[in-house]
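**Q** Let me give you the structure first, and then I'll get to my questions.
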Amino acid sequence: MDSSLDAVRADDDLAVALAVVLDRAEAGDGTVAWTDLRGQIDPVEWGRLLDHGVVVPAGDRFVVDDPTAARELLAQRDLDDADPDAPETGGWSRADKLAGVGALALMASYQLPGGRELVGQSVNTVLGPLAAQLPFVATITLLAVVTALASTTIRRRLQSKERMERLKTRLTDVRERLDDARERGDDEAVERLRAEQQELMTQQLSMFKHMLRPMAWTVLVSAPIFLWLSWLAVAPAAAIAPTATVFPMLGRITWTAKLIGPLHVWTVWYIATSMLSGLTIQRTMDRVGVGS
């Protein structure tokens with residue numbers, strides 16, 4: 001079987017995208033354009049089909065390079081009956097949308113004293129025993145590390161750095177080829193490359209959707225913890241949270257004192273610990289190849 005289909009053989013998302021392309025092509029004159037597929041497949045998967053030579057240019061449109069072999073492969077994978085009207089591969093599922101709504105609600109509650117109190121008391125039923133057993137600084141540090149771990153894991157699972165880098169590489173390559181075509185006065189190539197560049201730029205804009213998706217889940221995890229810490233630091237009922245801690249060389253630090261603008265000491269400590277933990281976790285995962 002055509003080696004260009006090796007990537008499809010090993011990737012379910014790519015196979016589903018190819019099935020949709022084949023269905024659209026066979027429903028017409030055997031050719032497709034991105035406008036025929038918009039909303040049906042992920043723009044990044046479309047780019048990957050082009051990268052691997054599974055789909056090739058045919059004038060101002062595209063064709064599957066070897067439709068017979070492609071259909072045989074999809075039949076083997078039992079994907080040839082994929083619904084062309086299915087939701088966009090890699091897009092926002094219903095769960096993602098609910099997570100986004102929940103994240104917005106949690107962020108809005110931070111601005112409302114009543115909302116902050118409600119979230120704080122609710123989360124306290126779960127995390128209160130932890131705060132009762134640990135020093136306040138240890139509680140903040142531990143939760144900052146947990147938040148960083150959860151955020152990094154979610155981002156690596158839902159957002160492909162490799163896809164983004166591949167898209168940037170393709171854009172750079174098209175720009176270079178476009179400059180060469182202009183220099184040699186090849187108007188036909190310039191027109192074709194401009195169209196290809198426009199398609200890639202459209203794909204690049206769509207990547208913002210992929211950046212917001214992990215952000216929604218991250219906020220859904222981190223916002224309740226941050227709201228609880230905010231409630232814990234100032235709630236009179238939370239007597240388990242000390243107002244100050246003594247550090248070696250730094251002396252006595254009051255957690256609720258403002259350090260940078262409106263940011264309290266505990267907030268700066270939490271953010272700094274979370275950022276440092278996130279960098280460490282990211283580098284560790286990169287080194288061992290987790291979630292890449």
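Order determines the names: the first chain of the structure tokens is A, the second B, and so forth; residues in each chain are numbered 1 upward, and ligands are numbered 1 upward as they are shown.
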Contacts of Leu178 of chain A at 9 Å or less, counting only C-alpha atoms, minus same-chain residues fewer than 2 places along, as a list in words?
**A** Asp173, Val174, Arg175, Glu176, Asp180, Ala181, Arg182, Glu183, Ala189, Val190, Glu191, Leu193, Arg194 and Gln197 of chain A
**Q** Only all heavy atoms, please: the residues just picked out, written as a tab-separated table (two decimals), in the first residue's frame.
**A**
chain	number	residue	atom	x	y	z
A	173	ASP	N	7.80	27.86	4.94
A	173	ASP	CA	8.17	27.25	3.66
A	173	ASP	C	7.40	27.90	2.51
A	173	ASP	O	7.97	28.21	1.45
A	173	ASP	CB	7.88	25.75	3.71
A	173	ASP	CG	8.19	25.06	2.39
A	173	ASP	OD1	9.36	25.08	1.98
A	173	ASP	OD2	7.24	24.53	1.77
A	174	VAL	N	6.10	28.14	2.71
A	174	VAL	CA	5.28	28.75	1.66
A	174	VAL	C	5.75	30.18	1.39
A	174	VAL	O	5.82	30.62	0.23
A	174	VAL	CB	3.79	28.72	2.05
A	174	VAL	CG1	2.97	29.60	1.11
A	174	VAL	CG2	3.26	27.30	2.01
A	175	ARG	N	6.09	30.93	2.43
A	175	ARG	CA	6.58	32.30	2.25
A	175	ARG	C	7.86	32.31	1.41
A	175	ARG	O	8.03	33.16	0.53
A	175	ARG	CB	6.82	32.96	3.60
A	175	ARG	CG	5.55	33.28	4.37
A	175	ARG	CD	5.85	34.18	5.55
A	175	ARG	NE	4.68	34.36	6.40
A	175	ARG	CZ	4.52	33.78	7.58
A	175	ARG	NH1	5.46	32.98	8.06
A	175	ARG	NH2	3.42	33.99	8.29
A	176	GLU	N	8.76	31.38	1.72
A	176	GLU	CA	10.02	31.32	0.97
A	176	GLU	C	9.78	30.96	-0.48
A	176	GLU	O	10.37	31.55	-1.39
A	176	GLU	CB	10.95	30.30	1.63
A	176	GLU	CG	11.46	30.71	3.01
A	176	GLU	CD	12.28	29.64	3.68
A	176	GLU	OE1	12.32	28.51	3.13
A	176	GLU	OE2	12.88	29.92	4.73
A	180	ASP	N	10.48	33.24	-3.91
A	180	ASP	CA	11.23	32.72	-5.06
A	180	ASP	C	10.40	32.86	-6.34
A	180	ASP	O	10.94	33.22	-7.40
A	180	ASP	CB	11.60	31.25	-4.83
A	180	ASP	CG	12.63	31.08	-3.72
A	180	ASP	OD1	13.32	32.08	-3.41
A	180	ASP	OD2	12.75	29.97	-3.17
A	181	ALA	N	9.10	32.54	-6.24
A	181	ALA	CA	8.24	32.63	-7.42
A	181	ALA	C	8.12	34.07	-7.90
A	181	ALA	O	8.10	34.33	-9.11
A	181	ALA	CB	6.86	32.06	-7.09
A	182	ARG	N	8.06	35.02	-6.99
A	182	ARG	CA	8.01	36.43	-7.37
A	182	ARG	C	9.30	36.87	-8.05
A	182	ARG	O	9.28	37.63	-9.02
A	182	ARG	CB	7.74	37.28	-6.14
A	182	ARG	CG	6.29	37.21	-5.64
A	182	ARG	CD	6.16	37.87	-4.28
A	182	ARG	NE	4.76	37.91	-3.83
A	182	ARG	CZ	4.40	38.13	-2.57
A	182	ARG	NH1	5.33	38.33	-1.63
A	182	ARG	NH2	3.12	38.15	-2.26
A	183	GLU	N	10.42	36.39	-7.53
A	183	GLU	CA	11.71	36.77	-8.11
A	183	GLU	C	11.88	36.27	-9.54
A	183	GLU	O	12.45	36.96	-10.38
A	183	GLU	CB	12.84	36.24	-7.23
A	183	GLU	CG	12.98	36.95	-5.90
A	183	GLU	CD	14.11	36.38	-5.06
A	183	GLU	OE1	14.78	35.43	-5.53
A	183	GLU	OE2	14.32	36.87	-3.92
A	189	ALA	N	2.57	30.39	-10.31
A	189	ALA	CA	3.01	29.86	-9.02
A	189	ALA	C	2.69	30.84	-7.90
A	189	ALA	O	2.31	30.43	-6.79
A	189	ALA	CB	4.51	29.56	-9.06
A	190	VAL	N	2.83	32.13	-8.16
A	190	VAL	CA	2.52	33.13	-7.15
A	190	VAL	C	1.06	33.05	-6.74
A	190	VAL	O	0.72	33.09	-5.55
A	190	VAL	CB	2.86	34.55	-7.67
A	190	VAL	CG1	2.27	35.61	-6.76
A	190	VAL	CG2	4.37	34.74	-7.79
A	191	GLU	N	0.18	32.93	-7.73
A	191	GLU	CA	-1.24	32.85	-7.44
A	191	GLU	C	-1.57	31.61	-6.62
A	191	GLU	O	-2.35	31.66	-5.66
A	191	GLU	CB	-2.03	32.85	-8.74
A	191	GLU	CG	-3.53	32.88	-8.54
A	191	GLU	CD	-4.29	32.95	-9.85
A	191	GLU	OE1	-3.64	33.13	-10.91
A	191	GLU	OE2	-5.53	32.84	-9.82
A	193	LEU	N	0.50	29.84	-4.70
A	193	LEU	CA	1.10	29.91	-3.38
A	193	LEU	C	0.38	30.92	-2.48
A	193	LEU	O	0.31	30.73	-1.27
A	193	LEU	CB	2.58	30.27	-3.50
A	193	LEU	CG	3.48	29.16	-4.06
A	193	LEU	CD1	4.86	29.69	-4.40
A	193	LEU	CD2	3.58	28.01	-3.06
A	194	ARG	N	-0.15	31.97	-3.08
A	194	ARG	CA	-0.94	32.92	-2.29
A	194	ARG	C	-2.18	32.23	-1.72
A	194	ARG	O	-2.56	32.46	-0.57
A	194	ARG	CB	-1.34	34.11	-3.14
A	194	ARG	CG	-0.26	35.17	-3.29
A	194	ARG	CD	-0.74	36.28	-4.19
A	194	ARG	NE	0.24	37.36	-4.29
A	194	ARG	CZ	0.15	38.37	-5.14
A	194	ARG	NH1	-0.90	38.45	-5.97
A	194	ARG	NH2	1.07	39.32	-5.17
A	197	GLN	N	-1.08	30.02	1.02
A	197	GLN	CA	-0.73	30.82	2.20
A	197	GLN	C	-1.99	31.27	2.94
A	197	GLN	O	-2.04	31.27	4.17
A	197	GLN	CB	0.10	32.04	1.78
A	197	GLN	CG	0.61	32.88	2.93
A	197	GLN	CD	1.37	34.10	2.45
A	197	GLN	OE1	0.91	34.82	1.56
A	197	GLN	NE2	2.55	34.32	3.01
**Q** Just the residues within 12 Å of Leu18 of chain A, please, counting only C-alpha atoms, with nothing from its chain fewer than 4 positions along; format it as a ChimeraX atom specification.
**A** /A:5,7-9,11-14,22-25,32,37,40-42,45-50,52-55,63-67,69-75,77,79-84,89
**Q** Take the selection from the previous step and output its residues with C-alpha atoms, as a CSV table (one decimal), in the first residue's frame.
**A**
chain,number,residue,atom,x,y,z
A,5,LEU,CA,-0.8,6.4,3.9
A,7,ALA,CA,0.6,8.2,8.8
A,8,VAL,CA,-3.2,7.5,8.3
A,9,ARG,CA,-2.7,3.9,9.3
A,11,ASP,CA,-3.5,7.9,13.5
A,12,ASP,CA,-7.3,7.7,14.1
A,13,ASP,CA,-7.9,11.4,13.8
A,14,LEU,CA,-6.1,11.5,10.5
A,22,LEU,CA,-13.0,10.9,0.3
A,23,ASP,CA,-16.8,11.2,0.9
A,24,ARG,CA,-16.8,14.8,-0.2
A,25,ALA,CA,-14.7,14.1,-3.2
A,32,VAL,CA,-12.3,19.0,-3.0
A,37,LEU,CA,-14.5,20.7,4.3
A,40,GLN,CA,-16.2,19.0,9.0
A,41,ILE,CA,-12.5,18.3,9.8
A,42,ASP,CA,-9.8,19.9,11.9
A,45,GLU,CA,-5.6,17.4,10.1
A,46,TRP,CA,-6.2,18.9,6.6
A,47,GLY,CA,-2.7,20.3,6.7
A,48,ARG,CA,-1.3,16.9,7.8
A,49,LEU,CA,-3.0,15.2,4.9
A,50,LEU,CA,-1.3,17.7,2.6
A,52,HIS,CA,2.0,13.5,4.0
A,53,GLY,CA,1.0,13.7,0.3
A,54,VAL,CA,-2.2,11.8,0.9
A,55,VAL,CA,-4.1,14.8,-0.6
A,63,VAL,CA,-7.6,15.2,-4.9
A,64,VAL,CA,-6.8,12.1,-2.9
A,65,ASP,CA,-3.5,10.8,-4.3
A,66,ASP,CA,-4.6,7.2,-4.4
A,67,PRO,CA,-8.3,7.0,-3.6
A,69,ALA,CA,-5.7,2.5,-1.6
A,70,ALA,CA,-7.1,5.0,0.8
A,71,ARG,CA,-10.6,3.5,0.7
A,72,GLU,CA,-9.1,0.0,1.3
A,73,LEU,CA,-7.1,1.3,4.3
A,74,LEU,CA,-10.2,2.9,5.8
A,75,ALA,CA,-12.2,-0.3,5.3
A,77,ARG,CA,-9.8,0.4,10.0
A,79,LEU,CA,-13.6,4.1,9.5
A,80,ASP,CA,-15.0,4.4,5.9
A,81,ASP,CA,-18.5,4.9,7.3
A,82,ALA,CA,-17.5,8.0,9.3
A,83,ASP,CA,-20.2,10.6,9.4
A,84,PRO,CA,-19.2,13.6,7.3
A,89,THR,CA,-12.3,16.6,14.9
**Q** Using only C-alpha atoms for the distances, tell me which of A:Val21, A:Ala27, A:Met164, A:Leu149 is nearest to Gln282 of chain A.
**A** A:Leu149
**Q** How would you write, as a ChimeraX atom specification, the set of residues in segment 9-222 of chain A that DSSP gives as alpha helix (DSSP H)?
**A** /A:9,12-27,34-37,43-51,67-77,94-110,113-133,136-158,161-183,187-222
**Q** Could you list, as a count of residues only, every residue within 10 Å of Leu127 of chain A, counting only C-alpha atoms and ignoring same-chain residues fewer than 3 positions away?
**A** 13
**Q** For Met215 of chain A, find every residue with an atom within 12 Å (counting only C-alpha atoms), except residues of its own chain fewer than 3 positions away, and show them as number ranges by chain.
**A** A: 96-97, 99-104, 150-159, 208-212, 218-223
**Q** With C-alpha atoms kept, could you save the residues just selected as a CSV table (one decimal), in the first residue's frame?
**A**
chain,number,residue,atom,x,y,z
A,96,ASP,CA,-15.6,21.3,26.8
A,97,LYS,CA,-18.4,23.9,26.4
A,99,ALA,CA,-16.2,23.5,31.2
A,100,GLY,CA,-15.9,26.9,29.5
A,101,VAL,CA,-19.2,28.1,31.1
A,102,GLY,CA,-18.1,26.8,34.5
A,103,ALA,CA,-14.8,28.5,34.1
A,104,LEU,CA,-16.4,31.9,33.3
A,150,ALA,CA,-3.0,19.6,36.6
A,151,SER,CA,-2.6,22.6,34.2
A,152,THR,CA,0.5,21.2,32.5
A,153,THR,CA,-1.1,17.8,32.1
A,154,ILE,CA,-4.3,19.2,30.6
A,155,ARG,CA,-2.4,21.5,28.3
A,156,ARG,CA,-0.3,18.7,27.0
A,157,ARG,CA,-3.3,16.4,26.4
A,158,LEU,CA,-5.5,18.9,24.7
A,159,GLN,CA,-3.0,21.1,22.8
A,208,PHE,CA,-6.8,29.9,18.9
A,209,LYS,CA,-9.7,27.6,19.5
A,210,HIS,CA,-7.2,24.9,20.5
A,211,MET,CA,-5.5,27.3,22.9
A,212,LEU,CA,-8.7,28.3,24.6
A,218,THR,CA,-7.3,24.6,33.6
A,219,VAL,CA,-9.5,27.4,35.1
A,220,LEU,CA,-12.1,24.9,36.1
A,221,VAL,CA,-9.4,23.2,38.2
A,222,SER,CA,-7.4,26.1,39.5
A,223,ALA,CA,-10.1,28.7,40.1
**Q** Ranking A:Ala58, A:Thr68, A:Ser4, A:Leu98 by minimum distance to Glu26 of chain A and counting only C-alpha atoms, which one comes first?
**A**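 Residue with the minimum atom-to-atom distance to Glu26 of chain A: A:Thr68.
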**Q** Could you tell me how far atom CA of Ala108 of chain A sits from atom CA of Ile281 of chain A, in Å to one decimal place?
**A**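 Here the two named atoms are 29.1 Å from each other.
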**Q** Within 8 Å of segment 165-168 of chain A, counting only C-alpha atoms, which residues qualify if same-chain residues fewer than 5 places away don't, as a list in words?
**A**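 Listing them by chain and then by number gives Val44, Gly47, Leu200 and Gln204 of chain A.
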**Q** Residues as selected, N, CA and C atoms, written as a short mmCIF file (atom, residue, chain, number, x, y, z; two decimals), in the first residue's frame, can you do that?
**A**
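Saved file selection00.cif follows:
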data_model
loop_
_atom_site.label_atom_id
_atom_site.label_comp_id
_atom_site.auth_asym_id
_atom_site.auth_seq_id
_atom_site.Cartn_x
_atom_site.Cartn_y
_atom_site.Cartn_z
N VAL A 44 -5.99 21.48 11.06
CA VAL A 44 -4.65 20.92 11.24
C VAL A 44 -4.55 19.55 10.60
N GLY A 47 -4.11 19.97 6.98
CA GLY A 47 -2.72 20.28 6.69
C GLY A 47 -1.83 19.06 6.74
N LEU A 200 -3.33 28.42 4.96
CA LEU A 200 -2.53 28.18 6.16
C LEU A 200 -2.79 29.24 7.22
N GLN A 204 -4.08 28.81 10.96
CA GLN A 204 -3.39 29.40 12.10
C GLN A 204 -4.38 30.11 13.02
#
**Q** Could you check the closest approach to Ala144 of chain A for each of A:Ile271, A:Leu263, A:Ile253, A:Ala33 and tell me which residue wins, using only C-alpha atoms?
**A**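 Answer, going by the shortest atom-to-atom distance: A:Ile271.
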**Q** Based on the backbone DSSP call, show me all residues of segment 35-257 of chain A assigned strand (DSSP E or B), as a PyMOL selection string.
**A** chain A and resi 38+41+55-58+61-64+244-247+251-254
**Q** Would you put the residues from that selection into a file with N, CA, C and O atoms, as a short mmCIF file (atom, residue, chain, number, x, y, z; two decimals), in the first residue's frame?
**A**
data_model
loop_
_atom_site.label_atom_id
_atom_site.label_comp_id
_atom_site.auth_asym_id
_atom_site.auth_seq_id
_atom_site.Cartn_x
_atom_site.Cartn_y
_atom_site.Cartn_z
N ARG A 38 -14.66 22.82 5.48
CA ARG A 38 -14.64 23.68 6.66
C ARG A 38 -15.79 23.29 7.61
O ARG A 38 -16.93 23.19 7.22
N ILE A 41 -13.77 18.83 9.31
CA ILE A 41 -12.53 18.27 9.83
C ILE A 41 -11.68 19.38 10.42
O ILE A 41 -11.88 20.56 10.10
N VAL A 55 -3.27 13.90 0.21
CA VAL A 55 -4.07 14.78 -0.64
C VAL A 55 -3.10 15.69 -1.38
O VAL A 55 -2.17 16.24 -0.78
N VAL A 56 -3.28 15.81 -2.71
CA VAL A 56 -2.34 16.58 -3.53
C VAL A 56 -3.10 17.63 -4.35
O VAL A 56 -4.30 17.46 -4.63
N PRO A 57 -2.42 18.72 -4.71
CA PRO A 57 -3.08 19.77 -5.51
C PRO A 57 -3.48 19.26 -6.88
O PRO A 57 -2.80 18.44 -7.49
N ALA A 58 -4.61 19.78 -7.37
CA ALA A 58 -5.07 19.51 -8.73
C ALA A 58 -5.65 20.81 -9.27
O ALA A 58 -6.84 21.06 -9.17
N ARG A 61 -7.83 23.09 -6.87
CA ARG A 61 -8.50 22.21 -5.91
C ARG A 61 -7.55 21.08 -5.53
O ARG A 61 -6.36 21.15 -5.84
N PHE A 62 -8.07 20.04 -4.88
CA PHE A 62 -7.23 18.96 -4.40
C PHE A 62 -7.90 17.62 -4.66
O PHE A 62 -9.13 17.54 -4.76
N VAL A 63 -7.08 16.58 -4.78
CA VAL A 63 -7.59 15.22 -4.95
C VAL A 63 -6.84 14.29 -4.00
O VAL A 63 -5.71 14.58 -3.60
N VAL A 64 -7.47 13.16 -3.65
CA VAL A 64 -6.78 12.12 -2.89
C VAL A 64 -5.81 11.44 -3.84
O VAL A 64 -6.19 11.03 -4.94
N ALA A 244 0.29 35.31 59.89
CA ALA A 244 1.68 35.59 59.53
C ALA A 244 2.52 34.33 59.73
O ALA A 244 2.14 33.41 60.45
N THR A 245 3.68 34.32 59.05
CA THR A 245 4.63 33.23 59.17
C THR A 245 6.03 33.82 59.27
O THR A 245 6.33 34.82 58.62
N VAL A 246 6.88 33.18 60.07
CA VAL A 246 8.26 33.63 60.22
C VAL A 246 9.16 32.81 59.31
O VAL A 246 9.17 31.57 59.40
N PHE A 247 9.89 33.48 58.41
CA PHE A 247 10.81 32.82 57.50
C PHE A 247 12.25 33.13 57.92
O PHE A 247 12.54 34.23 58.40
N GLY A 251 12.24 37.09 58.17
CA GLY A 251 11.50 37.54 59.33
C GLY A 251 10.02 37.22 59.24
O GLY A 251 9.60 36.32 58.52
N ARG A 252 9.23 38.00 59.95
CA ARG A 252 7.79 37.76 60.05
C ARG A 252 7.08 38.35 58.83
O ARG A 252 7.23 39.53 58.51
N ILE A 253 6.29 37.51 58.16
CA ILE A 253 5.57 37.93 56.96
C ILE A 253 4.07 37.79 57.20
O ILE A 253 3.58 36.72 57.58
N THR A 254 3.35 38.86 57.00
CA THR A 254 1.90 38.84 57.12
C THR A 254 1.30 38.47 55.76
O THR A 254 1.49 39.17 54.77
#
**Q** Looking at A:Ala216, A:Leu276, A:Met201, A:Ala105, which one is nearest to Thr141 of chain A, with distances taken over only C-alpha atoms?
**A**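 Nearest to Thr141 of chain A: A:Leu276.
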**Q** Could you list, as a PDB file with all heavy atoms, in the first residue's frame, every residue within 7 Å of Val265 of chain A, counting only C-alpha atoms and ignoring same-chain residues fewer than 5 positions away?
**A**
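Below is the file that was written, around.pdb:
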ATOM      1  N   TRP A 255       0.557  37.384  55.731  1.00  0.00           N
ATOM      2  CA  TRP A 255       0.066  36.844  54.469  1.00  0.00           C
ATOM      3  C   TRP A 255      -0.912  37.778  53.768  1.00  0.00           C
ATOM      4  O   TRP A 255      -0.973  37.812  52.537  1.00  0.00           O
ATOM      5  CB  TRP A 255      -0.607  35.493  54.703  1.00  0.00           C
ATOM      6  CG  TRP A 255       0.361  34.413  55.039  1.00  0.00           C
ATOM      7  CD1 TRP A 255       0.528  33.803  56.244  1.00  0.00           C
ATOM      8  CD2 TRP A 255       1.332  33.829  54.168  1.00  0.00           C
ATOM      9  NE1 TRP A 255       1.532  32.867  56.181  1.00  0.00           N
ATOM     10  CE2 TRP A 255       2.044  32.861  54.900  1.00  0.00           C
ATOM     11  CE3 TRP A 255       1.673  34.023  52.833  1.00  0.00           C
ATOM     12  CZ2 TRP A 255       3.065  32.100  54.368  1.00  0.00           C
ATOM     13  CZ3 TRP A 255       2.693  33.261  52.284  1.00  0.00           C
ATOM     14  CH2 TRP A 255       3.379  32.311  53.038  1.00  0.00           C
ATOM     15  N   THR A 256      -1.686  38.524  54.506  1.00  0.00           N
ATOM     16  CA  THR A 256      -2.703  39.373  53.882  1.00  0.00           C
ATOM     17  C   THR A 256      -2.189  40.768  53.551  1.00  0.00           C
ATOM     18  O   THR A 256      -2.950  41.597  53.040  1.00  0.00           O
ATOM     19  CB  THR A 256      -3.926  39.491  54.810  1.00  0.00           C
ATOM     20  OG1 THR A 256      -3.491  39.953  56.104  1.00  0.00           O
ATOM     21  CG2 THR A 256      -4.630  38.155  54.964  1.00  0.00           C
ATOM     22  N   ALA A 257      -0.912  41.035  53.836  1.00  0.00           N
ATOM     23  CA  ALA A 257      -0.348  42.346  53.487  1.00  0.00           C
ATOM     24  C   ALA A 257      -0.206  42.465  51.974  1.00  0.00           C
ATOM     25  O   ALA A 257       0.059  41.479  51.280  1.00  0.00           O
ATOM     26  CB  ALA A 257       1.004  42.530  54.163  1.00  0.00           C
ATOM     27  N   LYS A 258      -0.378  43.675  51.440  1.00  0.00           N
ATOM     28  CA  LYS A 258      -0.235  43.896  50.005  1.00  0.00           C
ATOM     29  C   LYS A 258       1.243  44.062  49.667  1.00  0.00           C
ATOM     30  O   LYS A 258       1.946  44.854  50.282  1.00  0.00           O
ATOM     31  CB  LYS A 258      -1.020  45.130  49.571  1.00  0.00           C
ATOM     32  CG  LYS A 258      -2.534  44.937  49.660  1.00  0.00           C
ATOM     33  CD  LYS A 258      -3.295  46.138  49.129  1.00  0.00           C
ATOM     34  CE  LYS A 258      -4.799  45.876  49.192  1.00  0.00           C
ATOM     35  NZ  LYS A 258      -5.579  47.035  48.674  1.00  0.00           N
ATOM     36  N   LEU A 259       1.692  43.292  48.689  1.00  0.00           N
ATOM     37  CA  LEU A 259       3.104  43.299  48.325  1.00  0.00           C
ATOM     38  C   LEU A 259       3.349  44.019  47.007  1.00  0.00           C
ATOM     39  O   LEU A 259       4.219  44.877  46.897  1.00  0.00           O
ATOM     40  CB  LEU A 259       3.619  41.856  48.230  1.00  0.00           C
ATOM     41  CG  LEU A 259       5.101  41.673  47.934  1.00  0.00           C
ATOM     42  CD1 LEU A 259       5.939  42.278  49.051  1.00  0.00           C
ATOM     43  CD2 LEU A 259       5.433  40.191  47.769  1.00  0.00           C
TER      44      LEU A 259
END
**Q** Can you tell me how far atom CA of Leu142 of chain A sits from atom CA of Leu279 of chain A, in Å to one decimal?
**A**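 Computing the Euclidean distance for atom CA of Leu142 of chain A and atom CA of Leu279 of chain A yields 15.5 Å.
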**Q** Between atom CA of Asp60 of chain A and atom CA of Gly30 of chain A, what is the spacing in Å?
**A**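 If I compute the distance from atom CA of Gly30 of chain A to atom CA of Asp60 of chain A, I get 13.2 Å.
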**Q** Taking into account only C-alpha atoms, which residue in the set A:Gln198, A:Gly114, A:Phe136, A:Ser206 is nearest to Trp269 of chain A?
**A** A:Phe136
